[in-house]
Each structure stands twice: as C-alpha cells, then as structure tokens.
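For reference, my_file_35.pdb (PDB, C-alpha atoms and all ligand atoms):
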```pdb
ATOM      1  CA  MET A 836     -43.910 -66.878  -3.291
ATOM      2  CA  LEU A 837     -42.083 -64.936  -6.049
ATOM      3  CA  SER A 838     -40.688 -66.828  -8.990
ATOM      4  CA  ASN A 839     -36.920 -67.129  -9.320
ATOM      5  CA  GLY A 840     -37.138 -65.350 -12.704
ATOM      6  CA  PHE A 841     -38.716 -62.269 -11.122
ATOM      7  CA  LYS A 842     -36.177 -62.285  -8.261
ATOM      8  CA  SER A 843     -33.225 -62.350 -10.651
ATOM      9  CA  ARG A 844     -34.758 -59.498 -12.647
ATOM     10  CA  VAL A 845     -35.080 -57.436  -9.468
ATOM     11  CA  VAL A 846     -31.461 -58.206  -8.616
ATOM     12  CA  LYS A 847     -30.294 -57.245 -12.119
ATOM     13  CA  LEU A 848     -32.279 -54.000 -11.943
ATOM     14  CA  GLY A 849     -30.716 -53.293  -8.582
ATOM     15  CA  LEU A 850     -27.221 -53.862  -9.983
ATOM     16  CA  LEU A 851     -28.026 -51.668 -12.971
ATOM     17  CA  VAL A 852     -29.196 -48.813 -10.735
ATOM     18  CA  LEU A 853     -26.125 -49.288  -8.553
ATOM     19  CA  SER A 854     -23.709 -49.195 -11.482
ATOM     20  CA  ILE A 855     -25.380 -46.106 -13.003
ATOM     21  CA  GLY A 856     -25.088 -44.487  -9.608
ATOM     22  CA  LEU A 857     -21.398 -45.399  -9.346
ATOM     23  CA  ALA A 858     -20.642 -44.271 -12.883
ATOM     24  CA  GLY A 859     -22.485 -41.045 -12.159
ATOM     25  CA  SER A 860     -20.539 -40.310  -9.030
ATOM     26  CA  VAL A 861     -17.209 -41.078 -10.746
ATOM     27  CA  TRP A 862     -18.213 -38.673 -13.532
ATOM     28  CA  ALA A 863     -19.290 -36.050 -11.014
ATOM     29  CA  GLN A 864     -15.981 -36.534  -9.193
ATOM     30  CA  SER A 865     -13.910 -35.981 -12.328
ATOM     31  CA  ILE A 866     -15.870 -32.816 -13.157
ATOM     32  CA  SER A 867     -15.327 -31.389  -9.739
ATOM     33  CA  ASP A 868     -11.626 -32.310  -9.818
ATOM     34  CA  GLN A 869     -11.339 -30.352 -13.045
ATOM     35  CA  GLN A 870     -13.220 -27.407 -11.592
ATOM     36  CA  ILE A 871     -11.034 -27.454  -8.505
ATOM     37  CA  ALA A 872      -7.914 -27.492 -10.692
ATOM     38  CA  GLU A 873      -9.273 -24.501 -12.621
ATOM     39  CA  ARG A 874     -10.013 -22.628  -9.427
ATOM     40  CA  LEU A 875      -6.570 -23.386  -8.078
ATOM     41  CA  GLN A 876      -4.930 -21.797 -11.154
ATOM     42  CA  PRO A 877      -3.207 -18.545 -10.171
ATOM     43  CA  VAL A 878      -4.846 -15.456 -11.687
ATOM     44  CA  GLY A 879      -1.751 -14.633 -13.726
ATOM     45  CA  SER A 880       0.826 -17.321 -14.203
ATOM     46  CA  VAL A 881       4.191 -16.154 -12.997
ATOM     47  CA  CYS A 882       6.783 -16.127 -15.731
ATOM     48  CA  LEU A 883      10.437 -15.499 -15.189
ATOM     49  CA  ALA A 884      12.668 -13.533 -17.518
ATOM     50  CA  GLY A 885      13.884 -15.748 -20.327
ATOM     51  CA  GLU A 886      11.034 -18.227 -19.959
ATOM     52  CA  GLU A 887       8.059 -18.547 -22.201
ATOM     53  CA  CYS A 888       4.886 -17.278 -20.565
ATOM     54  CA  ALA A 889       1.437 -18.801 -20.769
ATOM     55  CA  SER A 890      -0.922 -16.706 -22.886
ATOM     56  CA  GLY A 891      -1.611 -13.440 -21.132
ATOM     57  CA  GLY A 892       1.158 -14.095 -18.637
ATOM     58  CA  ALA A 893       3.582 -11.655 -20.256
ATOM     59  CA  THR A 894       1.079  -8.802 -20.175
ATOM     60  CA  ILE A 895       0.212  -9.465 -16.560
ATOM     61  CA  ALA A 896       3.883  -9.744 -15.569
ATOM     62  CA  ALA A 897       4.725  -6.534 -17.453
ATOM     63  CA  SER A 898       1.904  -4.526 -15.919
ATOM     64  CA  ALA A 899       2.723  -5.893 -12.472
ATOM     65  CA  ALA A 900       6.341  -4.825 -12.916
ATOM     66  CA  SER A 901       5.406  -1.258 -13.803
ATOM     67  CA  ALA A 902       2.756  -1.177 -11.090
ATOM     68  CA  VAL A 903       5.268  -1.980  -8.371
ATOM     69  CA  PHE A 904       7.733   0.791  -9.345
ATOM     70  CA  SER A 905       7.885   3.305  -6.544
ATOM     71  CA  ALA A 906      10.046   6.393  -6.979
ATOM     72  CA  GLU A 907      10.428   6.704  -3.220
ATOM     73  CA  ALA A 908      11.490   3.081  -2.651
ATOM     74  CA  THR A 909      13.824   3.074  -5.669
ATOM     75  CA  TYR A 910      15.336   6.389  -4.595
ATOM     76  CA  ASP A 911      15.936   4.997  -1.110
ATOM     77  CA  GLN A 912      17.577   1.910  -2.563
ATOM     78  CA  TYR A 913      19.837   3.497  -5.211
ATOM     79  CA  CYS A 914      20.077   7.260  -4.917
ATOM     80  CA  ALA A 915      19.763   8.072  -1.234
ATOM     81  CA  MET A 916      23.270   7.022  -0.228
ATOM     82  CA  CYS A 917      24.728   9.854  -2.320
ATOM     83  CA  HIS A 918      21.868  12.318  -2.635
ATOM     84  CA  ASN A 919      20.877  12.315   1.049
ATOM     85  CA  THR A 920      24.461  12.891   2.163
ATOM     86  CA  GLY A 921      25.955  15.081  -0.555
ATOM     87  CA  MET A 922      28.602  12.400  -1.087
ATOM     88  CA  ALA A 923      31.151  13.292  -3.780
ATOM     89  CA  GLY A 924      29.337  16.575  -4.311
ATOM     90  CA  ALA A 925      25.946  15.050  -5.103
ATOM     91  CA  PRO A 926      23.244  17.725  -4.902
ATOM     92  CA  GLU A 927      20.971  16.858  -2.009
ATOM     93  CA  ARG A 928      17.314  15.994  -2.097
ATOM     94  CA  GLY A 929      15.423  18.798  -0.426
ATOM     95  CA  ASP A 930      17.909  21.447  -1.616
ATOM     96  CA  ALA A 931      15.129  23.220  -3.485
ATOM     97  CA  ALA A 932      17.282  26.273  -4.322
ATOM     98  CA  HIS A 933      19.905  24.085  -6.038
ATOM     99  CA  TRP A 934      17.401  22.118  -8.099
ATOM    100  CA  GLU A 935      15.381  25.157  -9.032
ATOM    101  CA  SER A 936      18.372  27.069 -10.389
ATOM    102  CA  ARG A 937      19.929  23.979 -12.011
ATOM    103  CA  ILE A 938      16.727  23.141 -13.878
ATOM    104  CA  ALA A 939      16.248  26.813 -14.797
ATOM    105  CA  ASP A 940      19.845  26.927 -16.142
ATOM    106  CA  VAL A 941      20.082  23.795 -18.283
ATOM    107  CA  GLY A 942      16.496  22.546 -18.538
ATOM    108  CA  ILE A 943      14.915  19.428 -17.111
ATOM    109  CA  ASP A 944      15.711  17.323 -20.191
ATOM    110  CA  THR A 945      19.466  17.851 -19.746
ATOM    111  CA  VAL A 946      19.237  17.057 -16.041
ATOM    112  CA  VAL A 947      17.363  13.808 -16.796
ATOM    113  CA  THR A 948      19.803  12.932 -19.608
ATOM    114  CA  ASN A 949      22.728  13.495 -17.241
ATOM    115  CA  ALA A 950      21.081  11.172 -14.709
ATOM    116  CA  ILE A 951      20.622   8.529 -17.423
ATOM    117  CA  ASN A 952      24.145   8.802 -18.898
ATOM    118  CA  GLY A 953      25.984   9.827 -15.761
ATOM    119  CA  ILE A 954      28.008  13.011 -15.222
ATOM    120  CA  ASN A 955      31.316  13.325 -13.340
ATOM    121  CA  ALA A 956      30.946  11.284 -10.109
ATOM    122  CA  MET A 957      27.267  10.579 -10.880
ATOM    123  CA  PRO A 958      27.150   6.993 -12.193
ATOM    124  CA  PRO A 959      24.892   6.198 -15.187
ATOM    125  CA  ARG A 960      21.291   5.653 -13.976
ATOM    126  CA  GLY A 961      22.563   6.143 -10.447
ATOM    127  CA  MET A 962      23.527   2.455 -10.623
ATOM    128  CA  CYS A 963      19.892   1.407 -11.064
ATOM    129  CA  SER A 964      20.534  -0.659 -14.197
ATOM    130  CA  THR A 965      16.946  -1.929 -14.259
ATOM    131  CA  CYS A 966      15.469   1.593 -14.209
ATOM    132  CA  SER A 967      13.921   2.699 -17.513
ATOM    133  CA  ASP A 968      14.424   6.237 -18.846
ATOM    134  CA  ASP A 969      10.895   7.114 -17.688
ATOM    135  CA  GLN A 970      11.616   5.764 -14.235
ATOM    136  CA  ILE A 971      14.839   7.814 -14.033
ATOM    137  CA  ALA A 972      12.768  10.880 -14.988
ATOM    138  CA  GLU A 973      10.352  10.033 -12.161
ATOM    139  CA  LEU A 974      13.293   9.650  -9.783
ATOM    140  CA  VAL A 975      14.710  13.026 -10.839
ATOM    141  CA  ASP A 976      11.274  14.474 -10.179
ATOM    142  CA  TYR A 977      11.279  12.969  -6.701
ATOM    143  CA  LEU A 978      14.909  13.975  -6.043
ATOM    144  CA  SER A 979      14.377  17.565  -7.122
ATOM    145  CA  GLY A 980      11.219  17.985  -5.054
ATOM    146  CA  ASN A 981       8.839  17.752  -8.013
ATOM    147  CA  GLN A 982      10.351  20.811  -9.674
ATOM    148  CA  THR A 983       9.434  19.287 -13.014
ATOM    149  CA  ASN A 984       5.731  19.447 -12.246
ATOM    150  CA  ARG A 985       5.753  23.197 -11.799
TER
HETATM  151  C1  LIG B   1      27.613   7.082  -6.146
HETATM  152  C2  LIG B   1      26.872   8.241  -5.784
HETATM  153  C3  LIG B   1      25.605   8.569  -6.541
HETATM  154  C4  LIG B   1      24.507   7.765  -6.713
HETATM  155  C5  LIG B   1      24.292   6.344  -6.238
HETATM  156  C6  LIG B   1      23.542   8.550  -7.439
HETATM  157  N1  LIG B   1      24.052   9.767  -7.728
HETATM  158 FE1  LIG B   1      23.146  11.259  -8.796
HETATM  159  N2  LIG B   1      24.787  12.412  -8.610
HETATM  160  C7  LIG B   1      25.935  12.077  -7.918
HETATM  161  C8  LIG B   1      26.891  13.174  -8.018
HETATM  162  C9  LIG B   1      28.261  13.190  -7.389
HETATM  163  C10 LIG B   1      26.271  14.177  -8.774
HETATM  164  C11 LIG B   1      26.849  15.518  -9.180
HETATM  165  C12 LIG B   1      27.520  15.355 -10.538
HETATM  166  C13 LIG B   1      28.078  16.680 -11.010
HETATM  167  O1  LIG B   1      27.275  17.546 -11.404
HETATM  168  O2  LIG B   1      29.299  16.826 -10.988
HETATM  169  C14 LIG B   1      24.950  13.677  -9.125
HETATM  170  C15 LIG B   1      24.056  14.368  -9.888
HETATM  171  C16 LIG B   1      22.778  13.953 -10.160
HETATM  172  C17 LIG B   1      21.790  14.710 -10.878
HETATM  173  C18 LIG B   1      21.981  16.118 -11.421
HETATM  174  C19 LIG B   1      22.397  16.097 -12.854
HETATM  175  C20 LIG B   1      22.525  17.506 -13.340
HETATM  176  O3  LIG B   1      22.690  17.659 -14.562
HETATM  177  O4  LIG B   1      22.488  18.453 -12.541
HETATM  178  C21 LIG B   1      20.659  13.978 -10.932
HETATM  179  C22 LIG B   1      19.351  14.355 -11.575
HETATM  180  C23 LIG B   1      20.941  12.712 -10.273
HETATM  181  N3  LIG B   1      22.233  12.723  -9.826
HETATM  182  C24 LIG B   1      20.033  11.686 -10.149
HETATM  183  C25 LIG B   1      20.311  10.491  -9.505
HETATM  184  C26 LIG B   1      19.354   9.426  -9.381
HETATM  185  C27 LIG B   1      17.941   9.477  -9.898
HETATM  186  C28 LIG B   1      19.976   8.415  -8.714
HETATM  187  C29 LIG B   1      19.427   7.061  -8.325
HETATM  188  C30 LIG B   1      18.822   6.263  -9.371
HETATM  189  C31 LIG B   1      21.336   8.860  -8.429
HETATM  190  N4  LIG B   1      21.495  10.121  -8.928
HETATM  191  C32 LIG B   1      22.274   8.089  -7.789
HETATM  192  C33 LIG B   1      26.173  10.901  -7.261
HETATM  193  C34 LIG B   1      25.304   9.821  -7.203
END
```
If you convert what's in this file into structure tokens, what do you get?
Ligand code: HEC
Amino acid sequence: MLSNGFKSRVVKLGLLVLSIGLAGSVWAQSISDQQIAERLQPVGSVCLAGEECASGGATIAASAASAVFSAEATYDQYCAMCHNTGMAGAPERGDAAHWESRIADVGIDTVVTNAINGINAMPPRGMCSTCSDDQIAELVDYLSGNQTNR
C-alpha cells in the first residue's frame, strides 16, 4: 500500500511533465508558425509605383521591369500599326533597302533621336511613353532589321 504522500508526489510529477510537454508544444507551434510565415513571404515584395518598397523590393522590381522588355512585343503593341502598313508614309519593317540608305545618309543616332522626339507624322516615342531612350534604340534596331548591329 503506497502512502498518500508518495501518491500525491507522483501526481504532481505527472502534472509537471504534462505542463512542460504542453509548454514545449506551444513553443514548437509558434516557431513553426513563424517559419511558415517566412516561407510564405514572396521572393521579392511587389511594390507599385508611388509606394514605398520593402528593402530590396525596388531593386527587384526595377530589374524585373527591364527583364520583361521585349523589343518584338513592344514593337507589335506600339509601332506595328504604322510600320507594318506604311501608314502616313511610315517606312516599313523589312524594307531593308530603305533602312540601309536612311541610316547611311543621316546616321543611326539621328534616326534614333527622330524616333524619340518624333518627326513629321511620326509621334514622339511612337506613342510608347513608358519606353526609355535605350528601349527606343532597341526598337529602332528591331524595326530596321538590326542594321545598327552591322
Ligand atoms: C502613328 C503612326 C506611327 C507610329 C505608332 C510609330 N511610327 Fe515611327 N514613323 C511614322 C511615320 C509616318 C514615319 C515617317 C516620318 C517621316 O520621315 O516623315 C516614321 C518614322 C520612324 C523612324 C525613322 C526616323 C528617321 O529619321 O528616318 C523610326 C526609327 C521610327 N519611326 C520608329 C518608330 C518606333 C520605334 C515606333 C514604336 C515605338 C514607331 N515608330 C511608332 C509613324 C509612326
């Protein structure tokens, strides 16, 4: 027959073990919640123009923006409607003879400057207001059949 004193000590020990176990699992739970939250964080936080970006966000957003520029897609969106049809006298893409002699006559820099500032019926930046000067130069390259790389 065990004494009551020993029994109550066993019970207390049991409760102690139980509460350590509970505390431990609560602690473990909060750690894993935090880790899950960290893992759920997007690789680069998206930041919109005019909003403050989380550290590193601006760099990631900027490099993503330049990475997605495609001369072909931008040309199709802004330039093709005039330069694929010759609308209003626009020199056509694929008219290698035109572009070759034009670039030989005035130089590629003038041709790019004209595309940036506009000339006659050619609107400034071909109406691509978000295109940078470098991107316009790339578009001219694409439009003229890469004459500038020769
Ligand atoms: C609304 C019609 C229109 C759109 C859109 C347009 N262009 Fe033009 N573009 C013209 C016309 C017309 C000319 C001929 C201007 C002239 O020499 O009189 C021209 C000329 C040019 C020239 C030749 C400039 C030179 O000095 O010979 C380049 C380069 C050019 N465009 C690039 C572009 C690019 C790049 C885009 C798209 C971002 C674009 N254009 C969009 C109408 C357009």
Pull out every residue that the PyMOL selection byres (((chain A and resi 981) around 12) and not hetatm) matches in the shown coordinates and put them as a list in words.
Ala906, Arg928, Gly929, Asp930, Ala931, Trp934, Glu935, Ile938, Ile943, Ala972, Glu973, Leu974, Val975, Asp976, Tyr977, Leu978, Ser979, Gly980, Gln982, Thr983, Asn984 and Arg985 of chain A
Neighbouring residues of ligand LIG 1 (chain B) are defined here as those with any atom at most 8 Å from a ligand atom, counting only C-alpha atoms and all ligand atoms; list them as an MDAnalysis selection string.
chainID A and resid 909:910 912:918 921:926 934 937:938 941 945:951 953:958 960:963 966 971:975 978:979
Preceding selection exported with C-alpha atoms as a PDB file, in the frame of the given file:
```pdb
ATOM      1  CA  THR A 909      13.824   3.074  -5.669  1.00  0.00           C
ATOM      2  CA  TYR A 910      15.336   6.389  -4.595  1.00  0.00           C
ATOM      3  CA  GLN A 912      17.577   1.910  -2.563  1.00  0.00           C
ATOM      4  CA  TYR A 913      19.837   3.497  -5.211  1.00  0.00           C
ATOM      5  CA  CYS A 914      20.077   7.260  -4.917  1.00  0.00           C
ATOM      6  CA  ALA A 915      19.763   8.072  -1.234  1.00  0.00           C
ATOM      7  CA  MET A 916      23.270   7.022  -0.228  1.00  0.00           C
ATOM      8  CA  CYS A 917      24.728   9.854  -2.320  1.00  0.00           C
ATOM      9  CA  HIS A 918      21.868  12.318  -2.635  1.00  0.00           C
ATOM     10  CA  GLY A 921      25.955  15.081  -0.555  1.00  0.00           C
ATOM     11  CA  MET A 922      28.602  12.400  -1.087  1.00  0.00           C
ATOM     12  CA  ALA A 923      31.151  13.292  -3.780  1.00  0.00           C
ATOM     13  CA  GLY A 924      29.337  16.575  -4.311  1.00  0.00           C
ATOM     14  CA  ALA A 925      25.946  15.050  -5.103  1.00  0.00           C
ATOM     15  CA  PRO A 926      23.244  17.725  -4.902  1.00  0.00           C
ATOM     16  CA  TRP A 934      17.401  22.118  -8.099  1.00  0.00           C
ATOM     17  CA  ARG A 937      19.929  23.979 -12.011  1.00  0.00           C
ATOM     18  CA  ILE A 938      16.727  23.141 -13.878  1.00  0.00           C
ATOM     19  CA  VAL A 941      20.082  23.795 -18.283  1.00  0.00           C
ATOM     20  CA  THR A 945      19.466  17.851 -19.746  1.00  0.00           C
ATOM     21  CA  VAL A 946      19.237  17.057 -16.041  1.00  0.00           C
ATOM     22  CA  VAL A 947      17.363  13.808 -16.796  1.00  0.00           C
ATOM     23  CA  THR A 948      19.803  12.932 -19.608  1.00  0.00           C
ATOM     24  CA  ASN A 949      22.728  13.495 -17.241  1.00  0.00           C
ATOM     25  CA  ALA A 950      21.081  11.172 -14.709  1.00  0.00           C
ATOM     26  CA  ILE A 951      20.622   8.529 -17.423  1.00  0.00           C
ATOM     27  CA  GLY A 953      25.984   9.827 -15.761  1.00  0.00           C
ATOM     28  CA  ILE A 954      28.008  13.011 -15.222  1.00  0.00           C
ATOM     29  CA  ASN A 955      31.316  13.325 -13.340  1.00  0.00           C
ATOM     30  CA  ALA A 956      30.946  11.284 -10.109  1.00  0.00           C
ATOM     31  CA  MET A 957      27.267  10.579 -10.880  1.00  0.00           C
ATOM     32  CA  PRO A 958      27.150   6.993 -12.193  1.00  0.00           C
ATOM     33  CA  ARG A 960      21.291   5.653 -13.976  1.00  0.00           C
ATOM     34  CA  GLY A 961      22.563   6.143 -10.447  1.00  0.00           C
ATOM     35  CA  MET A 962      23.527   2.455 -10.623  1.00  0.00           C
ATOM     36  CA  CYS A 963      19.892   1.407 -11.064  1.00  0.00           C
ATOM     37  CA  CYS A 966      15.469   1.593 -14.209  1.00  0.00           C
ATOM     38  CA  ILE A 971      14.839   7.814 -14.033  1.00  0.00           C
ATOM     39  CA  ALA A 972      12.768  10.880 -14.988  1.00  0.00           C
ATOM     40  CA  GLU A 973      10.352  10.033 -12.161  1.00  0.00           C
ATOM     41  CA  LEU A 974      13.293   9.650  -9.783  1.00  0.00           C
ATOM     42  CA  VAL A 975      14.710  13.026 -10.839  1.00  0.00           C
ATOM     43  CA  LEU A 978      14.909  13.975  -6.043  1.00  0.00           C
ATOM     44  CA  SER A 979      14.377  17.565  -7.122  1.00  0.00           C
TER      45      SER A 979
END
```
To one decimal place in Å, what is the distance between atom CA of Gln970 of chain A and atom CA of Phe904 of chain A?
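Separating atom CA of Gln970 of chain A from atom CA of Phe904 of chain A is a distance of 8.0 Å.
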Could you add the missing atoms to segment 928-939 of chain A, up to N, CA and C atoms, and return them as a PDB file, keeping the file's coordinate frame?
```pdb
ATOM      1  N   ARG A 928      18.765  15.938  -1.991  1.00  0.00           N
ATOM      2  CA  ARG A 928      17.314  15.994  -2.097  1.00  0.00           C
ATOM      3  C   ARG A 928      16.828  16.977  -1.038  1.00  0.00           C
ATOM      4  N   GLY A 929      15.918  17.818  -1.383  1.00  0.00           N
ATOM      5  CA  GLY A 929      15.423  18.798  -0.426  1.00  0.00           C
ATOM      6  C   GLY A 929      16.126  20.147  -0.567  1.00  0.00           C
ATOM      7  N   ASP A 930      17.217  20.178  -1.362  1.00  0.00           N
ATOM      8  CA  ASP A 930      17.909  21.447  -1.616  1.00  0.00           C
ATOM      9  C   ASP A 930      17.182  22.144  -2.775  1.00  0.00           C
ATOM     10  N   ALA A 931      16.007  22.664  -2.449  1.00  0.00           N
ATOM     11  CA  ALA A 931      15.129  23.220  -3.485  1.00  0.00           C
ATOM     12  C   ALA A 931      15.825  24.308  -4.300  1.00  0.00           C
ATOM     13  N   ALA A 932      16.619  25.165  -3.623  1.00  0.00           N
ATOM     14  CA  ALA A 932      17.282  26.273  -4.322  1.00  0.00           C
ATOM     15  C   ALA A 932      18.219  25.734  -5.400  1.00  0.00           C
ATOM     16  N   HIS A 933      18.994  24.674  -5.049  1.00  0.00           N
ATOM     17  CA  HIS A 933      19.905  24.085  -6.038  1.00  0.00           C
ATOM     18  C   HIS A 933      19.127  23.588  -7.252  1.00  0.00           C
ATOM     19  N   TRP A 934      18.117  22.772  -6.991  1.00  0.00           N
ATOM     20  CA  TRP A 934      17.401  22.118  -8.099  1.00  0.00           C
ATOM     21  C   TRP A 934      16.665  23.136  -8.954  1.00  0.00           C
ATOM     22  N   GLU A 935      16.111  24.135  -8.287  1.00  0.00           N
ATOM     23  CA  GLU A 935      15.381  25.157  -9.032  1.00  0.00           C
ATOM     24  C   GLU A 935      16.312  25.883 -10.007  1.00  0.00           C
ATOM     25  N   SER A 936      17.484  26.298  -9.504  1.00  0.00           N
ATOM     26  CA  SER A 936      18.372  27.069 -10.389  1.00  0.00           C
ATOM     27  C   SER A 936      19.017  26.158 -11.434  1.00  0.00           C
ATOM     28  N   ARG A 937      19.325  24.924 -11.053  1.00  0.00           N
ATOM     29  CA  ARG A 937      19.929  23.979 -12.011  1.00  0.00           C
ATOM     30  C   ARG A 937      18.967  23.716 -13.170  1.00  0.00           C
ATOM     31  N   ILE A 938      17.712  23.448 -12.831  1.00  0.00           N
ATOM     32  CA  ILE A 938      16.727  23.141 -13.878  1.00  0.00           C
ATOM     33  C   ILE A 938      16.440  24.396 -14.716  1.00  0.00           C
ATOM     34  N   ALA A 939      16.436  25.558 -14.061  1.00  0.00           N
ATOM     35  CA  ALA A 939      16.248  26.813 -14.797  1.00  0.00           C
ATOM     36  C   ALA A 939      17.417  27.054 -15.753  1.00  0.00           C
TER      37      ALA A 939
END
```
